[in-house]
Amino acid sequence: MMMIFGKPAPLLFGQLLLGIINGSFYAMLSLGLAIIFGLLNVINFAHGALFMVGAFVTWGLLHYLGIGYWPALVVAPVMVGAFGLLIERTLIRFTYKLDILYGLLLTFGLALVLEGLFTNGFGSSGVSYNGPDILSGTLDLGFMYLPVYRAFVVVAAIVICFAVWFTIEKTSLGALLRAATENPALVQSFGVNVPRLISLTFAGGVALAGLAGVLAAPLYSVNPGMGTSLINTVFAVVVIGGMGSIGGAILTGFGLGIIQGFTEVFYPAASSVVVFAVMAVVLLARPAGLFGRVA
Amino acid sequence: MTISRRTMIGTAAAGVAAASLPLGRARAAGKALKIAVISDFSGPYRDIGGPTSVACVQQALADFGAKDKGYEVTVLQGDHQESPAVGTALAQRFYDQGVDLVIDVPNSAIGIAIEGVAHDKNRAYINTNSASSEITGKFCNAQTVHWTYDTYMLSHSTGGAMVKAGGKKWFFVTADYAFGHLLHEQTAAVVKQMGGTEMGNVNFPFPQTTDFSSFLIQAQSSGADVLGLASAGKDTVNLVKQAHQFGINRKMKIAGLLVFINDVHGMGLDIAQGLTLTESFYWNMNDRTRAFMARVKPRTPDNYPSMGQAGCYSGVLHFMKAVEAMNNMADVKNGAAVVAQMKKMPTDDDAYGKASIRADGRFMCNAYLFRVKTPAESKGPWDYYDLVATTPADKAFMPMAAEGCPLVKA
């Protein structure tokens with residue numbers, strides 16, 4: 001067997017692939033965060049909790065209404081997005097004119113409330129959700145067995161990331177969004193309803209968290225803490241990528257997933273902190289992040 | 001449920017009555033006790049402790065007939081939030097408030113920390129939910145009883161049975177903190193002692209890890225035939241679930257070294273089926289356990305008790321019997337005296353049957369090895385286990401001589 005750095009090569013290939021899979025979750029979650037921060041200037045700490053809500057909604061759709069995985073891919077993000085709209089209209093919009101910390105504290109509190117409610121309702125071990133049968137097998141890649149569902153997640157994540165990036169950077173809607181955040185008064189004077197545009201942007205970012213939740217439901221145990229364990233890493237991804245940079249969030253998400261995957265082979269104890277080590281190094285060299293615009 | 005208004009008024013009224021009545025009657029009305037459940041009410045171990053533990057304590061008081069026998073028992077609860085600092089502060093506060101017994105306490109780090117507090121305050125402490133065998137080993141003291149399970153019992157019951165069944169080559173996935181390391185070391189020792197080999201071990205960061213695929217792939221490429229999970233709670237749930245996704249369960253047997261029925265419920269039988277695990281209590285074991293379950297169910301309809309929670313029932317019931325036997329409320333404030341009384345009397349209750357407490361504070365119960373049923377075999381809600389083997393109490397736990405408990409040496 002071929003060895004690389006004292007580890008069997010197939011193991012490393014496997015890790016590379018797993019890194020990309022985990023990276024796709026980081027990318028999807030940090031994408032929503034980057035949009036909300038980049039366009040609204042809100043540091044949405046509730047993003048992880050909303051990801052968890054997405055997973056629970058997916059489970060609830062099947063459990064209570066018999067709605068399966070494929071419809072849930074659409075229904076759950078819409079529901080979570082609608083919930084996002086609600087909290088934006090009733091809570092978050094009051095923080096736009098305040099210091100950025102108020103939004104952070106508000107969303108942090110919101111995350112705790114959501115997590116507490118779900119813990120009381122469903123317990124801490126969570127509930128179990130199985131993905132669609134058609135994606136249930138494994139592929140023999142020679143160096144490892146790859147669950148079909150995970151391959152599907154990577155493809156889905158790449159499609160979603162590209163679609164979102166394309167919408168924001170290359171379409172007229174995206175141009176409008178970016179203009180509205182640069183100079184709301186001017187855009188408003190063209191007859192655009194800027195507050196509604198902002199609400200919908202927030203809802204869209206939240207819906208992305210919900211969508212990631214649907215994709216995660218069959219992979220992990222659906223439990224109230226599932227968002228919290230990811231959100232710290234995802235924040236680091238956003239910071240490394242450059243706060244608010246969409247492309248940066250996507251590329252960094254995948255990159256860090258891969259770095260973490262290799263750390264798990266060579267020095268597992270560091271795998272939960274390697275992301276923050278990278279963050280420290282990057283911020284020392286480029287304070288605005290890898291793809292961030294210097295303010 | 002903490003202190004209901006009725007109990008508060010009741011206690012206050014009893015106090016007033018006691019003050020104004022002649023001495024003889026005052027004693028009858030003043031048999032006030034406080035029991036504090038310190039547990040995880042909001043985090044990862046909520047389902048194995050938390051509200052269900054409180055329900056079991058209350059069931060014990062009801063079954064004991066505390067009211068009819070003239071006891072006014074207040075049940076308090078505290079959330080240790082998985083922090084030894086918070087847990088220790090809670091225990092100190094509770095004991096200072098006159099709490100006579102602290103019970104439950106999942107998480108070994110906190111369980112051991114509170115053991116020290118109980119000793120300093122000389123108040124009784126029953127731990128039913130920490131795994132570390134060091135509670136009755138090097139940390140043992142006269143105020144502490146360790147109910148239900150420990151790492152030694154889990155490693156010997158599950159580990160030993162798997163090796164006997166032909167699983168000679170092991171790969172461990174271990175939660176990277178004291179509990180995981182102890183469970184891994186003790187199980188690896190059992191495996192080696194019985195002629196098996198450890199092909200590898202990987203420590204995963206706790207509690208930050210959600211995705212275990214890298215560790216599972218390493219297990220898969222190790223050539224081992226048993227995957228030993230030295231983890232607990234949602235980590236185990238995620239590990240088993242993801243092992244399924246990678247098809248590891250088809251090539252390797254999975255040994256959950258610490259799995260509770262609540263975890264099995266969280267995984268679902270689709271995923272959990274075939275898993276081998278050890279518990280010292282299962283509600284559907286015999287007529288007595290089923291009778292206990294029928295009584296406690298209205299208090300905890302969505303979460304059937306696991307061994308630690310049933311231990312809260314068994315422990316409080318025995319504590320109350322000891323208090324009754326001492327028949328002197330002043331002595332109850334002396335933790336060492338209560339625990340000594342508990343050790344003197346054999347235990348007997350519906351959850352655990354007949355058992356006893358050893359001189360070092362170890363509660364001596366049987367260890368049951370279970371195999372998780374398939375969805376087709378399960379006949380009803382929470383009907384999850386088939387009994388595979390029973391390790392009798394005297395074989396299930398570490399011999400007292402090997403434990404290094406200063407209490408016994410002295």
# chains A, B, ... in the order shown; residues from 1 in each chain; ligands from 1
call {"tool": "interface_residues", "arguments": {"of": "chain A", "to": "chain B", "cutoff": "7 Å", "atoms": "only C-alpha atoms", "output": "VMD selection string"}}
result
chain A and resid 11 15 18 116 119 123 to 128 138 145 to 147 219 to 221 229 261 264 268 to 269 272
call {"tool": "write_last_selection", "arguments": {"atoms": "C-alpha atoms", "output": "PDB file, in the first residue's frame"}}
result
ATOM      1  CA  LEU A  11      -7.037   6.922   3.974  1.00  0.00           C
ATOM      2  CA  GLN A  15     -10.131  12.321   4.142  1.00  0.00           C
ATOM      3  CA  LEU A  18     -14.783  13.858   3.593  1.00  0.00           C
ATOM      4  CA  GLY A 116     -34.114  25.897  24.861  1.00  0.00           C
ATOM      5  CA  THR A 119     -34.694  20.943  24.114  1.00  0.00           C
ATOM      6  CA  GLY A 123     -35.224  16.316  24.629  1.00  0.00           C
ATOM      7  CA  SER A 124     -31.487  16.431  24.114  1.00  0.00           C
ATOM      8  CA  SER A 125     -30.888  13.131  22.316  1.00  0.00           C
ATOM      9  CA  GLY A 126     -33.022  14.413  19.510  1.00  0.00           C
ATOM     10  CA  VAL A 127     -34.994  12.518  16.916  1.00  0.00           C
ATOM     11  CA  SER A 128     -33.987  10.308  14.040  1.00  0.00           C
ATOM     12  CA  THR A 138     -22.741   3.248  -0.641  1.00  0.00           C
ATOM     13  CA  TYR A 145     -16.945   3.427   0.679  1.00  0.00           C
ATOM     14  CA  LEU A 146     -18.746   6.658  -0.001  1.00  0.00           C
ATOM     15  CA  PRO A 147     -22.348   6.934   1.158  1.00  0.00           C
ATOM     16  CA  LEU A 219     -26.593  12.754   8.212  1.00  0.00           C
ATOM     17  CA  TYR A 220     -26.538  13.739  11.859  1.00  0.00           C
ATOM     18  CA  SER A 221     -28.763  13.097  14.804  1.00  0.00           C
ATOM     19  CA  SER A 229     -21.562  22.873  17.467  1.00  0.00           C
ATOM     20  CA  GLY A 261     -10.245  16.451   7.499  1.00  0.00           C
ATOM     21  CA  GLU A 264      -8.339  14.488  12.011  1.00  0.00           C
ATOM     22  CA  PRO A 268      -7.183  14.504  15.937  1.00  0.00           C
ATOM     23  CA  ALA A 269      -6.960  16.495  19.158  1.00  0.00           C
ATOM     24  CA  SER A 272     -11.632  21.345  16.579  1.00  0.00           C
TER      25      SER A 272
END
call {"tool": "residues_around", "arguments": {"residues": "B:Ala178", "least_positions_apart": "4", "cutoff": "9 Å", "atoms": "only C-alpha atoms", "output": "VMD selection string"}}
result
chain B and resid 108 to 109 132 182 to 183
call {"tool": "write_last_selection", "arguments": {"atoms": "C-alpha atoms", "output": "tab-separated table (two decimals), in the first residue's frame"}}
result
chain	number	residue	atom	x	y	z
B	108	SER	CA	-17.97	12.21	35.87
B	109	ALA	CA	-16.01	15.43	36.24
B	132	SER	CA	-16.06	6.85	36.46
B	182	LEU	CA	-11.00	5.57	31.43
B	183	LEU	CA	-13.62	3.62	29.51
call {"tool": "residues_around", "arguments": {"residues": "stretch 86-100 of chain B", "least_positions_apart": "5", "cutoff": "10 Å", "atoms": "only C-alpha atoms", "output": "PDB file with C-alpha atoms, in the first residue's frame"}}
result
ATOM      1  CA  ALA B  32     -38.600  17.650  57.212  1.00  0.00           C
ATOM      2  CA  LEU B  33     -36.124  16.472  54.578  1.00  0.00           C
ATOM      3  CA  LYS B  34     -34.650  18.065  51.509  1.00  0.00           C
ATOM      4  CA  ILE B  35     -33.445  16.162  48.466  1.00  0.00           C
ATOM      5  CA  ALA B  36     -31.689  17.946  45.617  1.00  0.00           C
ATOM      6  CA  VAL B  37     -31.441  16.541  42.109  1.00  0.00           C
ATOM      7  CA  ILE B  38     -28.344  18.053  40.491  1.00  0.00           C
ATOM      8  CA  SER B  39     -28.394  17.163  36.832  1.00  0.00           C
ATOM      9  CA  ASP B  40     -28.306  18.379  33.261  1.00  0.00           C
ATOM     10  CA  THR B  74     -38.915  18.953  49.562  1.00  0.00           C
ATOM     11  CA  VAL B  75     -37.406  18.055  46.202  1.00  0.00           C
ATOM     12  CA  LEU B  76     -35.125  20.712  44.739  1.00  0.00           C
ATOM     13  CA  GLN B  77     -33.421  20.682  41.383  1.00  0.00           C
ATOM     14  CA  GLY B  78     -30.353  22.345  39.939  1.00  0.00           C
ATOM     15  CA  ASP B  79     -28.962  22.481  36.407  1.00  0.00           C
ATOM     16  CA  HIS B  80     -25.192  21.960  36.418  1.00  0.00           C
ATOM     17  CA  GLN B  81     -24.973  22.977  32.755  1.00  0.00           C
ATOM     18  CA  VAL B 105     -25.299  14.071  38.620  1.00  0.00           C
ATOM     19  CA  ALA B 109     -16.014  15.430  36.238  1.00  0.00           C
ATOM     20  CA  ILE B 110     -18.943  17.026  38.060  1.00  0.00           C
ATOM     21  CA  GLY B 111     -19.880  13.818  39.859  1.00  0.00           C
ATOM     22  CA  ILE B 112     -16.404  13.577  41.380  1.00  0.00           C
ATOM     23  CA  ALA B 113     -16.291  17.297  42.230  1.00  0.00           C
ATOM     24  CA  ILE B 114     -19.559  17.067  44.168  1.00  0.00           C
ATOM     25  CA  GLU B 115     -18.272  13.977  45.943  1.00  0.00           C
ATOM     26  CA  GLY B 116     -15.700  16.243  47.599  1.00  0.00           C
ATOM     27  CA  VAL B 117     -18.350  18.783  48.588  1.00  0.00           C
ATOM     28  CA  ALA B 118     -20.499  16.086  50.190  1.00  0.00           C
ATOM     29  CA  ASP B 120     -16.632  18.522  53.360  1.00  0.00           C
ATOM     30  CA  LYS B 121     -20.222  19.210  54.411  1.00  0.00           C
ATOM     31  CA  ASN B 122     -20.740  15.683  55.770  1.00  0.00           C
ATOM     32  CA  ARG B 123     -24.018  15.163  53.918  1.00  0.00           C
ATOM     33  CA  ALA B 124     -25.257  12.158  51.973  1.00  0.00           C
ATOM     34  CA  TYR B 125     -24.614  11.895  48.234  1.00  0.00           C
ATOM     35  CA  VAL B 332     -29.847  12.387  59.361  1.00  0.00           C
ATOM     36  CA  LYS B 333     -27.847  15.632  59.130  1.00  0.00           C
ATOM     37  CA  ASN B 334     -24.748  13.492  59.630  1.00  0.00           C
ATOM     38  CA  GLY B 335     -24.058  12.251  56.113  1.00  0.00           C
ATOM     39  CA  VAL B 338     -26.931   7.951  57.025  1.00  0.00           C
TER      40      VAL B 338
END
call {"tool": "atom_distance", "arguments": {"atom1": "atom CA of A:Ser24", "atom2": "atom CA of A:Asp140"}}
result
21.2 Å
call {"tool": "residues_around", "arguments": {"residues": "stretch 272-278 of chain B", "least_positions_apart": "5", "cutoff": "7 Å", "atoms": "only C-alpha atoms", "output": "number ranges by chain"}}
result
B: 154, 157-158, 254-259, 264, 267, 367-374
call {"tool": "residues_around", "arguments": {"residues": "B:Phe397", "least_positions_apart": "6", "cutoff": "8 Å", "atoms": "only C-alpha atoms", "output": "list in words"}}
result
Asp150, Tyr152, Met153 and Met364 of chain B
call {"tool": "write_last_selection", "arguments": {"atoms": "N, CA and C atoms", "output": "PDB file, in the first residue's frame"}}
result
ATOM      1  N   ASP B 150     -20.677   1.661  36.342  1.00  0.00           N
ATOM      2  CA  ASP B 150     -19.432   2.412  36.233  1.00  0.00           C
ATOM      3  C   ASP B 150     -18.599   1.864  35.066  1.00  0.00           C
ATOM      4  N   TYR B 152     -15.828   0.262  34.874  1.00  0.00           N
ATOM      5  CA  TYR B 152     -15.327  -1.104  35.015  1.00  0.00           C
ATOM      6  C   TYR B 152     -16.400  -2.102  34.600  1.00  0.00           C
ATOM      7  N   MET B 153     -17.594  -1.887  35.115  1.00  0.00           N
ATOM      8  CA  MET B 153     -18.706  -2.785  34.817  1.00  0.00           C
ATOM      9  C   MET B 153     -19.055  -2.768  33.333  1.00  0.00           C
ATOM     10  N   MET B 364     -24.194  -2.752  44.622  1.00  0.00           N
ATOM     11  CA  MET B 364     -23.875  -3.998  43.923  1.00  0.00           C
ATOM     12  C   MET B 364     -25.109  -4.560  43.216  1.00  0.00           C
TER      13      MET B 364
END
call {"tool": "select_by_dssp", "arguments": {"residues": "stretch 46-128 of chain B", "states": "strand (DSSP E or B)", "output": "ChimeraX atom specification"}}
result
/B:71-79,101-104,124-127
call {"tool": "write_last_selection", "arguments": {"atoms": "N, CA and C atoms", "output": "PDB file, in the first residue's frame"}}
result
ATOM      1  N   TYR B  71     -43.378  12.456  56.879  1.00  0.00           N
ATOM      2  CA  TYR B  71     -42.223  13.210  56.370  1.00  0.00           C
ATOM      3  C   TYR B  71     -42.692  14.329  55.452  1.00  0.00           C
ATOM      4  N   GLU B  72     -42.065  15.464  55.590  1.00  0.00           N
ATOM      5  CA  GLU B  72     -42.286  16.561  54.647  1.00  0.00           C
ATOM      6  C   GLU B  72     -41.030  16.649  53.796  1.00  0.00           C
ATOM      7  N   VAL B  73     -41.076  16.077  52.610  1.00  0.00           N
ATOM      8  CA  VAL B  73     -39.855  16.056  51.795  1.00  0.00           C
ATOM      9  C   VAL B  73     -39.955  17.086  50.679  1.00  0.00           C
ATOM     10  N   THR B  74     -38.981  17.970  50.631  1.00  0.00           N
ATOM     11  CA  THR B  74     -38.915  18.953  49.562  1.00  0.00           C
ATOM     12  C   THR B  74     -37.912  18.466  48.524  1.00  0.00           C
ATOM     13  N   VAL B  75     -38.333  18.447  47.266  1.00  0.00           N
ATOM     14  CA  VAL B  75     -37.406  18.055  46.202  1.00  0.00           C
ATOM     15  C   VAL B  75     -36.970  19.305  45.444  1.00  0.00           C
ATOM     16  N   LEU B  76     -35.679  19.561  45.458  1.00  0.00           N
ATOM     17  CA  LEU B  76     -35.125  20.712  44.739  1.00  0.00           C
ATOM     18  C   LEU B  76     -34.412  20.207  43.498  1.00  0.00           C
ATOM     19  N   GLN B  77     -34.198  21.098  42.538  1.00  0.00           N
ATOM     20  CA  GLN B  77     -33.421  20.682  41.383  1.00  0.00           C
ATOM     21  C   GLN B  77     -32.467  21.777  40.952  1.00  0.00           C
ATOM     22  N   GLY B  78     -31.332  21.374  40.411  1.00  0.00           N
ATOM     23  CA  GLY B  78     -30.353  22.345  39.939  1.00  0.00           C
ATOM     24  C   GLY B  78     -29.736  21.869  38.639  1.00  0.00           C
ATOM     25  N   ASP B  79     -29.515  22.815  37.718  1.00  0.00           N
ATOM     26  CA  ASP B  79     -28.962  22.481  36.407  1.00  0.00           C
ATOM     27  C   ASP B  79     -27.458  22.757  36.428  1.00  0.00           C
ATOM     28  N   LEU B 101     -29.701  15.223  50.992  1.00  0.00           N
ATOM     29  CA  LEU B 101     -29.209  14.264  50.008  1.00  0.00           C
ATOM     30  C   LEU B 101     -29.124  14.924  48.640  1.00  0.00           C
ATOM     31  N   VAL B 102     -27.971  14.773  47.996  1.00  0.00           N
ATOM     32  CA  VAL B 102     -27.847  15.176  46.592  1.00  0.00           C
ATOM     33  C   VAL B 102     -27.801  13.894  45.769  1.00  0.00           C
ATOM     34  N   ILE B 103     -28.534  13.885  44.654  1.00  0.00           N
ATOM     35  CA  ILE B 103     -28.620  12.660  43.857  1.00  0.00           C
ATOM     36  C   ILE B 103     -28.544  12.971  42.363  1.00  0.00           C
ATOM     37  N   ASP B 104     -28.260  11.938  41.571  1.00  0.00           N
ATOM     38  CA  ASP B 104     -28.190  11.958  40.088  1.00  0.00           C
ATOM     39  C   ASP B 104     -26.773  12.321  39.607  1.00  0.00           C
ATOM     40  N   ALA B 124     -25.164  13.333  52.840  1.00  0.00           N
ATOM     41  CA  ALA B 124     -25.257  12.158  51.973  1.00  0.00           C
ATOM     42  C   ALA B 124     -25.275  12.543  50.492  1.00  0.00           C
ATOM     43  N   TYR B 125     -24.712  11.667  49.672  1.00  0.00           N
ATOM     44  CA  TYR B 125     -24.614  11.895  48.234  1.00  0.00           C
ATOM     45  C   TYR B 125     -24.745  10.560  47.523  1.00  0.00           C
ATOM     46  N   ILE B 126     -25.733  10.446  46.652  1.00  0.00           N
ATOM     47  CA  ILE B 126     -25.868   9.230  45.849  1.00  0.00           C
ATOM     48  C   ILE B 126     -25.658   9.614  44.394  1.00  0.00           C
ATOM     49  N   ASN B 127     -24.594   9.096  43.801  1.00  0.00           N
ATOM     50  CA  ASN B 127     -24.383   9.345  42.384  1.00  0.00           C
ATOM     51  C   ASN B 127     -24.937   8.170  41.592  1.00  0.00           C
TER      52      ASN B 127
END
call {"tool": "residues_around", "arguments": {"residues": "A:Gly247", "least_positions_apart": "2", "cutoff": "10 Å", "atoms": "only C-alpha atoms", "output": "PDB file with N, CA and C atoms, in the first residue's frame"}}
result
ATOM      1  N   ALA A  27     -19.683  25.803   3.770  1.00  0.00           N
ATOM      2  CA  ALA A  27     -19.907  26.772   2.698  1.00  0.00           C
ATOM      3  C   ALA A  27     -21.366  27.228   2.688  1.00  0.00           C
ATOM      4  N   LEU A  31     -22.413  30.959   3.710  1.00  0.00           N
ATOM      5  CA  LEU A  31     -23.006  31.731   2.626  1.00  0.00           C
ATOM      6  C   LEU A  31     -24.156  32.592   3.151  1.00  0.00           C
ATOM      7  N   ALA A  34     -22.827  35.277   5.352  1.00  0.00           N
ATOM      8  CA  ALA A  34     -22.124  36.325   4.613  1.00  0.00           C
ATOM      9  C   ALA A  34     -23.106  37.249   3.918  1.00  0.00           C
ATOM     10  N   CYS A 161     -24.490  26.873  -3.887  1.00  0.00           N
ATOM     11  CA  CYS A 161     -23.501  27.951  -3.737  1.00  0.00           C
ATOM     12  C   CYS A 161     -23.355  28.736  -5.030  1.00  0.00           C
ATOM     13  N   PHE A 162     -23.274  27.981  -6.130  1.00  0.00           N
ATOM     14  CA  PHE A 162     -23.100  28.676  -7.404  1.00  0.00           C
ATOM     15  C   PHE A 162     -24.327  29.546  -7.696  1.00  0.00           C
ATOM     16  N   VAL A 164     -26.454  30.940  -5.684  1.00  0.00           N
ATOM     17  CA  VAL A 164     -26.534  32.126  -4.833  1.00  0.00           C
ATOM     18  C   VAL A 164     -25.494  33.162  -5.254  1.00  0.00           C
ATOM     19  N   TRP A 165     -24.284  32.671  -5.493  1.00  0.00           N
ATOM     20  CA  TRP A 165     -23.228  33.593  -5.920  1.00  0.00           C
ATOM     21  C   TRP A 165     -23.633  34.277  -7.214  1.00  0.00           C
ATOM     22  N   PHE A 166     -24.170  33.494  -8.145  1.00  0.00           N
ATOM     23  CA  PHE A 166     -24.573  34.027  -9.442  1.00  0.00           C
ATOM     24  C   PHE A 166     -25.665  35.092  -9.272  1.00  0.00           C
ATOM     25  N   GLU A 169     -24.058  38.285  -7.576  1.00  0.00           N
ATOM     26  CA  GLU A 169     -22.985  38.983  -8.281  1.00  0.00           C
ATOM     27  C   GLU A 169     -23.318  39.275  -9.750  1.00  0.00           C
ATOM     28  N   GLY A 241     -12.801  34.106   5.302  1.00  0.00           N
ATOM     29  CA  GLY A 241     -13.140  34.411   3.914  1.00  0.00           C
ATOM     30  C   GLY A 241     -13.235  35.902   3.659  1.00  0.00           C
ATOM     31  N   GLY A 242     -13.438  36.669   4.715  1.00  0.00           N
ATOM     32  CA  GLY A 242     -13.649  38.107   4.566  1.00  0.00           C
ATOM     33  C   GLY A 242     -15.114  38.374   4.829  1.00  0.00           C
ATOM     34  N   GLY A 244     -18.665  39.150   4.803  1.00  0.00           N
ATOM     35  CA  GLY A 244     -19.553  39.650   3.766  1.00  0.00           C
ATOM     36  C   GLY A 244     -19.186  39.220   2.356  1.00  0.00           C
ATOM     37  N   SER A 245     -18.028  38.594   2.172  1.00  0.00           N
ATOM     38  CA  SER A 245     -17.663  38.172   0.829  1.00  0.00           C
ATOM     39  C   SER A 245     -18.284  36.816   0.522  1.00  0.00           C
ATOM     40  N   ALA A 249     -16.630  33.168   1.318  1.00  0.00           N
ATOM     41  CA  ALA A 249     -17.265  32.233   2.246  1.00  0.00           C
ATOM     42  C   ALA A 249     -17.295  30.832   1.640  1.00  0.00           C
ATOM     43  N   ILE A 250     -17.633  30.771   0.352  1.00  0.00           N
ATOM     44  CA  ILE A 250     -17.761  29.463  -0.302  1.00  0.00           C
ATOM     45  C   ILE A 250     -16.410  28.766  -0.367  1.00  0.00           C
ATOM     46  N   LEU A 251     -15.411  29.495  -0.905  1.00  0.00           N
ATOM     47  CA  LEU A 251     -14.092  28.871  -1.084  1.00  0.00           C
ATOM     48  C   LEU A 251     -13.473  28.496   0.258  1.00  0.00           C
ATOM     49  N   THR A 252     -13.589  29.394   1.242  1.00  0.00           N
ATOM     50  CA  THR A 252     -13.020  29.103   2.556  1.00  0.00           C
ATOM     51  C   THR A 252     -13.721  27.929   3.214  1.00  0.00           C
ATOM     52  N   GLY A 253     -15.037  27.852   3.030  1.00  0.00           N
ATOM     53  CA  GLY A 253     -15.797  26.734   3.598  1.00  0.00           C
ATOM     54  C   GLY A 253     -15.231  25.410   3.139  1.00  0.00           C
ATOM     55  N   PHE A 291     -10.660  37.301   1.236  1.00  0.00           N
ATOM     56  CA  PHE A 291     -11.321  37.921   0.106  1.00  0.00           C
ATOM     57  C   PHE A 291     -12.046  39.209   0.511  1.00  0.00           C
ATOM     58  N   GLY A 292     -11.746  39.711   1.687  1.00  0.00           N
ATOM     59  CA  GLY A 292     -12.475  40.871   2.196  1.00  0.00           C
ATOM     60  C   GLY A 292     -11.985  42.156   1.557  1.00  0.00           C
TER      61      GLY A 292
END
call {"tool": "select_by_dssp", "arguments": {"residues": "stretch 28-242 of chain A", "states": "helix (DSSP H, G or I)", "output": "NGL selection string"}}
result
:A and (28-40 or 47-65 or 69-90 or 92-95 or 100-122 or 133-135 or 148-170 or 172-182 or 184-189 or 194-216 or 226-241)
call {"tool": "residues_around", "arguments": {"residues": "A:Met79", "least_positions_apart": "4", "cutoff": "8 Å", "atoms": "only C-alpha atoms", "output": "ChimeraX atom specification"}}
result
/A:75,83,207
call {"tool": "write_last_selection", "arguments": {"atoms": "N, CA, C and O atoms", "output": "PDB file, in the first residue's frame"}}
result
ATOM      1  N   VAL A  75     -40.155  22.800   0.948  1.00  0.00           N
ATOM      2  CA  VAL A  75     -41.089  23.294   1.962  1.00  0.00           C
ATOM      3  C   VAL A  75     -40.361  23.807   3.208  1.00  0.00           C
ATOM      4  O   VAL A  75     -40.649  24.895   3.706  1.00  0.00           O
ATOM      5  N   PHE A  83     -40.210  32.178   8.811  1.00  0.00           N
ATOM      6  CA  PHE A  83     -39.927  32.464  10.220  1.00  0.00           C
ATOM      7  C   PHE A  83     -38.868  33.562  10.324  1.00  0.00           C
ATOM      8  O   PHE A  83     -38.971  34.466  11.154  1.00  0.00           O
ATOM      9  N   ALA A 207     -33.382  31.143   4.954  1.00  0.00           N
ATOM     10  CA  ALA A 207     -33.853  29.968   4.219  1.00  0.00           C
ATOM     11  C   ALA A 207     -32.680  29.073   3.824  1.00  0.00           C
ATOM     12  O   ALA A 207     -32.795  27.847   3.800  1.00  0.00           O
TER      13      ALA A 207
END
call {"tool": "atom_distance", "arguments": {"atom1": "atom CA of A:Ile168", "atom2": "atom CA of A:Ile43"}}
result
18.8 Å
